[in-house]
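Some notes on the structure that comes next.
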Amino acid sequence: MKRTLRNSNTTLLMSCLLSACLVLLCGCSSIKVVETWNNPAKAGQHYQKLMIVGIGHDESIRAMAENILVEELRRGGVAAVASHTLVKEIDDAKRDDVVAAVRSAGADAVLTIRPIAKGNTNVTQGGQSEGIYGTAGNVGGSYVPAAKTYSDATLQANLYDSATAELVWSATIATYDADRPSRVSRDLAGFFLENLRRDGFL
């Protein structure tokens with residue numbers, strides 16, 4: 001009888017510990033904020049609609065990530081549009097095409113997300129100075145190693161005023177779940193909602 005009771009208590013304890021671990025794992029964010037910056041000259045500037053632009057990604061991943069971000073932002077009460085619905089192959093897009101897409105969407109701000117490092121490899125950018133909103137294709141392109149799947153990456157998120165193309169807010173974000181872009185995108189949306197509202201941009 002005592003052995004049976006002890007076994008039952010042990011089983012109950014293990015079940016409780018397992019449940020607690022699952023809750024903790026599910027509740028952990030896939031991103032870690034390294035630093036944020038905002039332009040003091042734009043303090044008090046409030047934006048009504050964002051265009052979401054994924055840069056330097058495979059086009060299928062870009063579309064999925066932008067769609068998730070838009071869905072989560074809208075759920076949080078923020079109007080947003082995915083750039084892939086207006087501009088195909090963003091890394092090859094011309095400046096005028098990007099500007100036209102932003103105007104067509106009626107977005108007063110552009111939120112870009114791009115990788116600046118994957119694994120131990122930095123993502124390179126360079127070339128022309130004619131880029132707008134930091135889009136990779138019209139500033140000479142970007143290089144992202146494609147031979148491997150990386151779980152760790154560093155991302156750069158930038159918010160631009162669409163009328164002036166001026167950078168108004170920026171964040172550097174680390175993730176160890178880069179191979180799970182849907183989860184990272186949802187966590188990014190929550191981060192954007194919280195921080196851009198806190199800083200007065202939404």
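All residue names refer to the structure tokens as shown: chains lettered A, B, ... in order, residues numbered from 1 in each chain, ligands numbered from 1 in order.
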task = Mind checking which residues fall within 7 Å of His46 of chain A, counting only C-alpha atoms, ignoring those fewer than 5 positions away in the same chain, and posting them as number ranges by chain?
result = A: 200-202
Keeping only N, CA and C atoms, write the selected residues as a tab-separated table (two decimals), in the first residue's frame.
chain	number	residue	atom	x	y	z
A	200	GLY	N	5.70	56.02	-28.57
A	200	GLY	CA	4.77	57.02	-29.12
A	200	GLY	C	4.60	57.03	-30.61
A	201	PHE	N	5.13	56.00	-31.31
A	201	PHE	CA	5.03	56.00	-32.76
A	201	PHE	C	3.76	55.32	-33.28
A	202	LEU	N	3.08	54.60	-32.41
A	202	LEU	CA	1.80	53.96	-32.77
A	202	LEU	C	0.72	54.44	-31.84
ask   = Neighbours of Lys49 of chain A within 9 Å (only C-alpha atoms; same-chain residues fewer than 3 positions away dropped), as number ranges by chain?
value = A: 78-81, 105-110, 202
Suppose we keep N, CA and C atoms; can you now write the selection as a PDB file, in the first residue's frame?
ATOM      1  N   VAL A  78      -3.390  47.828 -35.171  1.00  0.00           N
ATOM      2  CA  VAL A  78      -2.533  48.673 -36.012  1.00  0.00           C
ATOM      3  C   VAL A  78      -2.748  48.310 -37.476  1.00  0.00           C
ATOM      4  N   ALA A  79      -3.037  49.295 -38.299  1.00  0.00           N
ATOM      5  CA  ALA A  79      -3.207  49.071 -39.731  1.00  0.00           C
ATOM      6  C   ALA A  79      -1.846  48.778 -40.363  1.00  0.00           C
ATOM      7  N   ALA A  80      -1.789  47.743 -41.190  1.00  0.00           N
ATOM      8  CA  ALA A  80      -0.519  47.362 -41.816  1.00  0.00           C
ATOM      9  C   ALA A  80      -0.786  46.654 -43.128  1.00  0.00           C
ATOM     10  N   VAL A  81       0.217  46.690 -44.016  1.00  0.00           N
ATOM     11  CA  VAL A  81       0.105  46.019 -45.306  1.00  0.00           C
ATOM     12  C   VAL A  81       1.428  45.321 -45.593  1.00  0.00           C
ATOM     13  N   ALA A 105      -0.225  52.023 -51.069  1.00  0.00           N
ATOM     14  CA  ALA A 105      -0.751  51.392 -49.852  1.00  0.00           C
ATOM     15  C   ALA A 105      -1.299  52.417 -48.865  1.00  0.00           C
ATOM     16  N   GLY A 106      -0.955  53.677 -49.058  1.00  0.00           N
ATOM     17  CA  GLY A 106      -1.390  54.704 -48.122  1.00  0.00           C
ATOM     18  C   GLY A 106      -0.682  54.605 -46.785  1.00  0.00           C
ATOM     19  N   ALA A 107       0.542  54.051 -46.802  1.00  0.00           N
ATOM     20  CA  ALA A 107       1.308  53.887 -45.567  1.00  0.00           C
ATOM     21  C   ALA A 107       2.075  55.167 -45.249  1.00  0.00           C
ATOM     22  N   ASP A 108       1.989  55.602 -44.002  1.00  0.00           N
ATOM     23  CA  ASP A 108       2.757  56.777 -43.609  1.00  0.00           C
ATOM     24  C   ASP A 108       4.068  56.405 -42.919  1.00  0.00           C
ATOM     25  N   ALA A 109       4.321  55.102 -42.783  1.00  0.00           N
ATOM     26  CA  ALA A 109       5.601  54.636 -42.248  1.00  0.00           C
ATOM     27  C   ALA A 109       5.936  53.274 -42.852  1.00  0.00           C
ATOM     28  N   VAL A 110       7.222  52.977 -42.923  1.00  0.00           N
ATOM     29  CA  VAL A 110       7.706  51.716 -43.472  1.00  0.00           C
ATOM     30  C   VAL A 110       8.540  51.016 -42.403  1.00  0.00           C
ATOM     31  N   LEU A 202       3.077  54.599 -32.407  1.00  0.00           N
ATOM     32  CA  LEU A 202       1.800  53.963 -32.775  1.00  0.00           C
ATOM     33  C   LEU A 202       0.720  54.444 -31.841  1.00  0.00           C
TER      34      LEU A 202
END
task = Looking only at strand (DSSP E) from DSSP on the backbone, list the matching residues of segment 30-190 of chain A as number ranges by chain.
result = A: 31-38, 49-54, 79-82, 109-118, 121-122, 124-125, 142-143, 153-161, 167-175
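Of the listed residues (A:Ile113, A:Val70, A:Leu167, A:Val53), A:Leu167 comes nearest to Asn38 of chain A; the distances count only C-alpha atoms.
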note = Shortest contact to Ser185 of chain A, candidates A:Ala100, A:Ala43, A:Ile68, A:Ala171, atoms counted only C-alpha atoms, goes to A:Ile68
